[in-house]
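Pasted below: run.txt, compact mmCIF, C-alpha atoms.
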```txt
# COMPACT_ATOMS: atom_id res chain seq x y z
CA MET A 1 10.28 41.17 0.53
CA ARG A 2 7.14 39.27 -0.46
CA ALA A 3 9.13 36.12 -1.22
CA ALA A 4 10.95 36.32 2.12
CA LEU A 5 7.65 36.75 3.96
CA ALA A 6 6.15 33.75 2.17
CA ALA A 7 9.21 31.63 3.00
CA TRP A 8 9.06 32.70 6.66
CA LEU A 9 5.34 31.86 6.85
CA VAL A 10 5.83 28.41 5.33
CA LEU A 11 8.75 27.62 7.62
CA SER A 12 6.87 28.93 10.69
CA LEU A 13 3.91 26.73 9.89
CA LEU A 14 6.17 23.72 9.38
CA ARG A 15 7.89 24.29 12.72
CA GLY A 16 4.67 25.07 14.54
CA ALA A 17 6.23 28.23 15.94
CA GLY A 18 4.25 29.49 18.90
CA ALA A 19 1.60 26.81 18.56
CA GLY A 20 1.16 24.79 21.73
CA ASP A 21 4.74 24.83 22.96
CA THR A 22 4.88 23.13 26.33
CA CYS A 23 7.67 23.08 28.86
CA GLY A 24 10.20 20.38 28.09
CA ASP A 25 7.97 18.29 25.82
CA ALA A 26 9.45 17.06 22.58
CA PRO A 27 7.68 18.29 19.47
CA ALA A 28 4.98 15.92 18.26
CA THR A 29 6.27 15.99 14.69
CA PRO A 30 9.83 16.46 13.46
CA SER A 31 10.51 19.86 11.95
CA ARG A 32 11.57 20.13 8.33
CA SER A 33 13.62 22.74 6.62
CA VAL A 34 12.76 23.75 3.08
CA PRO A 35 15.30 26.16 1.59
CA ALA A 36 14.39 28.73 -1.04
CA PRO A 37 15.91 28.09 -4.46
CA GLN A 38 19.42 29.45 -4.83
CA LEU A 39 19.25 31.69 -7.89
CA SER A 40 22.24 32.38 -10.10
CA PRO A 41 23.14 35.98 -11.01
CA GLU A 42 21.44 35.48 -14.42
CA GLU A 43 18.26 34.22 -12.73
CA ARG A 44 18.24 37.13 -10.28
CA LEU A 45 19.39 40.03 -12.46
CA SER A 46 18.90 39.42 -16.18
CA PRO A 47 15.89 41.04 -17.86
CA HIS A 48 15.52 37.87 -19.97
CA MET A 49 14.01 34.52 -19.02
CA PRO A 50 16.83 32.04 -18.33
CA GLU A 51 17.14 29.39 -21.04
CA SER A 52 16.47 26.57 -18.57
CA LEU A 53 13.03 28.01 -17.72
CA ARG A 54 11.84 29.02 -21.20
CA CYS A 55 9.93 25.81 -21.88
CA ASP A 56 8.00 26.14 -18.60
CA ALA A 57 7.43 29.84 -19.35
CA CYS A 58 6.07 29.03 -22.79
CA HIS A 59 3.57 26.57 -21.31
CA ALA A 60 2.47 29.20 -18.77
CA ILE A 61 2.01 31.76 -21.56
CA ALA A 62 0.07 29.32 -23.75
CA PHE A 63 -2.19 28.52 -20.79
CA GLN A 64 -2.88 32.20 -20.07
CA ILE A 65 -3.58 33.03 -23.73
CA GLU A 66 -5.91 30.02 -23.95
CA GLU A 67 -7.76 31.05 -20.77
CA HIS A 68 -8.19 34.68 -21.85
CA LEU A 69 -9.41 33.71 -25.34
CA ARG A 70 -11.77 31.05 -23.95
CA LYS A 71 -13.33 33.56 -21.53
CA ALA A 72 -13.75 36.14 -24.30
CA GLU A 73 -15.42 33.58 -26.57
CA GLY A 74 -17.69 32.56 -23.70
CA LYS A 75 -19.01 36.12 -23.57
CA VAL A 76 -20.07 35.94 -27.23
CA GLY A 77 -21.59 32.46 -27.04
CA LYS A 78 -18.53 30.37 -28.01
CA LYS A 79 -18.49 31.99 -31.46
CA ALA A 80 -15.26 33.04 -33.13
CA LEU A 81 -14.08 36.46 -32.06
CA LYS A 82 -13.70 39.35 -34.48
CA GLU A 83 -10.11 40.26 -35.30
CA SER A 84 -10.27 43.46 -33.26
CA ASP A 85 -11.55 41.48 -30.26
CA TYR A 86 -8.88 38.78 -30.31
CA LEU A 87 -6.16 41.40 -30.83
CA GLU A 88 -7.35 43.13 -27.65
CA VAL A 89 -7.55 39.83 -25.74
CA LEU A 90 -4.01 38.85 -26.76
CA GLU A 91 -2.69 42.25 -25.67
CA ARG A 92 -4.47 41.89 -22.33
CA SER A 93 -3.12 38.34 -21.93
CA CYS A 94 0.47 39.49 -22.31
CA SER A 95 0.06 42.69 -20.27
CA GLN A 96 -1.42 41.03 -17.18
CA ASP A 97 0.54 41.15 -13.92
CA TRP A 98 1.87 37.52 -13.96
CA GLU A 99 2.31 37.70 -10.16
CA SER A 100 1.04 34.15 -9.59
CA TYR A 101 4.18 32.69 -11.23
CA GLY A 102 7.54 32.09 -9.66
CA VAL A 103 10.46 29.69 -9.39
CA LEU A 104 10.90 26.75 -7.09
CA GLU A 105 13.46 24.01 -6.85
CA LEU A 106 12.27 20.47 -7.46
CA ASP A 107 14.74 17.59 -7.13
CA GLY A 108 17.65 19.99 -7.58
CA GLU A 109 16.17 21.53 -10.74
CA LYS A 110 14.66 25.00 -10.90
CA ARG A 111 11.16 25.06 -12.38
CA LEU A 112 8.65 27.78 -13.10
CA SER A 113 5.44 27.25 -11.16
CA GLY A 114 1.96 28.72 -11.39
CA PRO A 115 -1.41 28.27 -13.09
CA GLY A 116 -1.36 25.92 -16.07
CA LEU A 117 1.92 24.27 -15.13
CA SER A 118 2.18 20.77 -13.70
CA ARG A 119 1.59 20.51 -9.98
CA GLN A 120 4.70 20.63 -7.89
CA GLN A 121 5.57 18.83 -4.68
CA SER A 122 3.74 20.13 -1.65
CA LEU A 123 6.83 21.09 0.34
CA SER A 124 8.66 23.75 -1.61
CA VAL A 125 9.35 27.46 -1.44
CA LEU A 126 8.19 29.53 -4.39
CA VAL A 127 10.15 32.68 -5.24
CA SER A 128 7.71 34.97 -7.04
CA GLY A 129 7.57 38.63 -7.97
CA GLY A 130 10.88 40.30 -8.75
CA PRO A 131 11.90 39.85 -12.39
CA TRP A 132 9.55 36.92 -13.20
CA PRO A 133 6.39 38.88 -14.15
CA GLY A 134 8.30 41.21 -16.48
CA ARG A 135 10.09 38.31 -18.12
CA LEU A 136 6.83 36.45 -18.75
CA SER A 137 5.17 39.55 -20.19
CA LYS A 138 8.15 40.25 -22.46
CA LEU A 139 8.21 36.64 -23.70
CA CYS A 140 4.46 36.64 -24.28
CA HIS A 141 4.65 39.81 -26.40
CA GLY A 142 7.58 38.25 -28.29
CA TYR A 143 5.61 35.09 -29.11
CA VAL A 144 2.61 37.12 -30.28
CA GLY A 145 4.83 39.32 -32.45
CA GLU A 146 6.78 36.38 -33.84
CA GLN A 147 3.85 34.08 -34.61
CA GLY A 148 1.23 36.71 -35.39
CA GLU A 149 -2.13 37.22 -33.74
CA ALA A 150 -4.15 35.49 -36.48
CA GLN A 151 -2.00 32.35 -36.37
CA ILE A 152 -2.20 32.21 -32.57
CA TYR A 153 -5.98 32.62 -32.65
CA ASP A 154 -6.33 29.92 -35.33
CA ALA A 155 -4.26 27.55 -33.18
CA HIS A 156 -6.44 28.38 -30.16
CA ARG A 157 -9.56 27.51 -32.18
CA ARG A 158 -8.04 24.05 -32.85
CA GLY A 159 -7.48 23.47 -29.12
CA PRO A 160 -4.95 23.95 -26.30
CA ALA A 161 -2.59 21.29 -27.68
CA ALA A 162 -2.39 23.11 -31.03
CA LEU A 163 -1.57 26.40 -29.31
CA ARG A 164 1.18 24.78 -27.19
CA GLN A 165 2.53 23.09 -30.30
CA LEU A 166 2.66 26.39 -32.19
CA LEU A 167 4.27 28.42 -29.41
CA CYS A 168 6.40 25.91 -27.55
CA HIS A 169 7.10 22.76 -29.53
CA GLY A 170 7.53 23.97 -33.11
CA ASP A 171 10.90 23.89 -34.85
CA LYS A 172 12.11 27.05 -33.10
CA GLY A 173 10.03 26.77 -29.92
CA PRO A 174 11.74 26.71 -26.52
CA CYS A 175 10.69 23.09 -25.96
CA ALA A 176 11.73 21.89 -29.46
CA GLY A 177 14.06 18.93 -29.43
CA ARG A 178 13.75 18.69 -25.69
CA LYS A 179 12.40 15.58 -24.14
CA ASP A 180 9.36 16.62 -22.11
CA ARG A 181 10.10 16.51 -18.43
CA PRO A 182 7.90 14.01 -16.67
CA ASP A 183 5.42 15.52 -14.26
CA PRO A 184 6.46 15.07 -10.67
CA PRO A 185 4.23 12.85 -8.56
CA LYS A 186 1.09 14.78 -7.74
CA ALA A 187 0.73 15.71 -4.11
CA LEU A 188 -1.96 17.60 -2.32
CA GLN A 189 -1.02 21.19 -1.82
CA ASN A 190 -2.00 22.87 1.40
CA GLU A 191 -3.37 26.36 0.87
CA LEU A 192 -2.06 28.98 3.27
```
How does this structure look as C-alpha cells?
Amino acid sequence: MRAALAAWLVLSLLRGAGAGDTCGDAPATPSRSVPAPQLSPEERLSPHMPESLRCDACHAIAFQIEEHLRKAEGKVGKKALKESDYLEVLERSCSQDWESYGVLELDGEKRLSGPGLSRQQSLSVLVSGGPWPGRLSKLCHGYVGEQGEAQIYDAHRRGPAALRQLLCHGDKGPCAGRKDRPDPPKALQNEL
C-alpha cells in the first residue's frame, strides 16, 4: 500500500494533477510516465534476497554497521568499544527496521536503493517495505554470524573500505568476482 501511494504521489507531481489546470490550454511541460519496477515472483515472494541484489544489499549492511559503530564510538570519545558494547551495537544494527531501503529499476536493471548506496537517477519509483526489510535484517545477521563480531569490529576500526572488503568483496562475498557496477550519473534528487 505504501509503495503504491508513493508511486501515485510521484506520478501526480510529475503530471501536475490539479495544479493550475486551465480551460483548453496545453500543459506547460510534457508529462512523463515512470513505471514501478516489475518484480519477478522470487523478488516479490521469496524470504531470501535475490542473488542479483545481494551485492547492493551487502553494501547497505556494511554502511549501516559502520554508521552504528561510529555513533557508538563517538559517545565514548572515539575510543575502542568494549566487546559487550560492540556486540550490542551489531545486534541493534541488524535488528533495525530497514524501511528506508527498497528496489528501483535503473536502465532496465533492478537495484537496491537507500542510505549508503550510490545515488540513483532522480526520476524513478522506489518499491520499499514488503519483504525488503526482513531480507536485509536476515542477511545482516548472517554476515555477523559468519564473520564473527570481533572480526567485523576489527575491520570497522581499519575503516569503511576494510569492512566492505570483509563482508562484500572477500572470496565468498556477494560482490566477489563481480566487476563493480559503475555509479550512475549523479542527479539532484527532489525531496517530496
What are the closest atom pairs, with distances in Å to one decimal, for each residue of segment 75-107 of chain A lying within 12 Å of segment 51-56 of chain A, using only C-alpha atoms, rows by chain and rising residue number, as CSV?
```
residue,atom,partner,partner_atom,distance
A:Tyr101,CA,A:Asp56,CA,10.6
A:Gly102,CA,A:Leu53,CA,10.6
A:Val103,CA,A:Leu53,CA,8.9
A:Leu104,CA,A:Leu53,CA,10.9
A:Glu105,CA,A:Leu53,CA,11.6
```
Per residue of segment 78-189 of chain A within 10 Å of segment 62-67 of chain A, note the shortest atom pair and the distance in Å to one decimal, counting all atoms listed in the file, and order the rows by chain and increasing residue number, as CSV.
```
residue,atom,partner,partner_atom,distance
A:Val89,CA,A:Ile65,CA,8.1
A:Leu90,CA,A:Ile65,CA,6.6
A:Glu91,CA,A:Ile65,CA,9.5
A:Arg92,CA,A:Ile65,CA,9.0
A:Ser93,CA,A:Ile65,CA,5.6
A:Cys94,CA,A:Ile65,CA,7.8
A:Gln96,CA,A:Gln64,CA,9.4
A:Trp98,CA,A:Gln64,CA,9.4
A:Pro115,CA,A:Phe63,CA,7.7
A:Gly116,CA,A:Phe63,CA,5.5
A:Leu117,CA,A:Phe63,CA,8.2
A:Cys140,CA,A:Ala62,CA,8.6
A:Tyr143,CA,A:Ala62,CA,9.6
A:Val144,CA,A:Ile65,CA,9.9
A:Ile152,CA,A:Ile65,CA,9.0
A:Tyr153,CA,A:Glu66,CA,9.1
A:Ala155,CA,A:Glu66,CA,9.7
A:His156,CA,A:Glu66,CA,6.4
A:Arg157,CA,A:Glu66,CA,9.3
A:Gly159,CA,A:Glu66,CA,8.5
A:Pro160,CA,A:Glu66,CA,6.6
A:Ala161,CA,A:Ala62,CA,9.3
A:Ala162,CA,A:Ala62,CA,9.9
A:Leu163,CA,A:Ala62,CA,6.5
A:Arg164,CA,A:Ala62,CA,5.8
A:Gln165,CA,A:Ala62,CA,9.4
A:Leu166,CA,A:Ala62,CA,9.3
A:Leu167,CA,A:Ala62,CA,7.1
A:Cys168,CA,A:Ala62,CA,8.1
```
Option closest in space to His48 of chain A, from A:Leu69, A:Lys138, A:Glu146, A:Gly177 [counting only C-alpha atoms]: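 Residue with the minimum atom-to-atom distance to His48 of chain A: A:Lys138.
Candidate residues A:Ala80, A:Ile61, A:Ala72, A:Leu139 were compared for distance to Pro47 of chain A, and the nearest is A:Leu139, using all atoms listed in the file.
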Mind pulling up the distance from atom CA of Gly142 of chain A to atom CA of Glu99 of chain A?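 Rounded to one decimal, the two atoms are 18.9 Å apart.
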As an exercise, work out the distance from atom CA of Ala150 of chain A to atom CA of Ala57 of chain A in Å and give it to one decimal place.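 Between atom CA of Ala150 of chain A and atom CA of Ala57 of chain A the gap is 21.4 Å.
The two atoms in question, atom CA of Ala36 of chain A and atom CA of Leu106 of chain A, are spaced 10.7 Å apart.
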Between A:Asp171, A:Asp107, A:Glu42, A:Asp154, single out the one closest to Lys82 of chain A, counting all atoms listed in the file.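 Comparing A:Asp171, A:Asp107, A:Glu42, A:Asp154 against Lys82 of chain A, the winner is A:Asp154.
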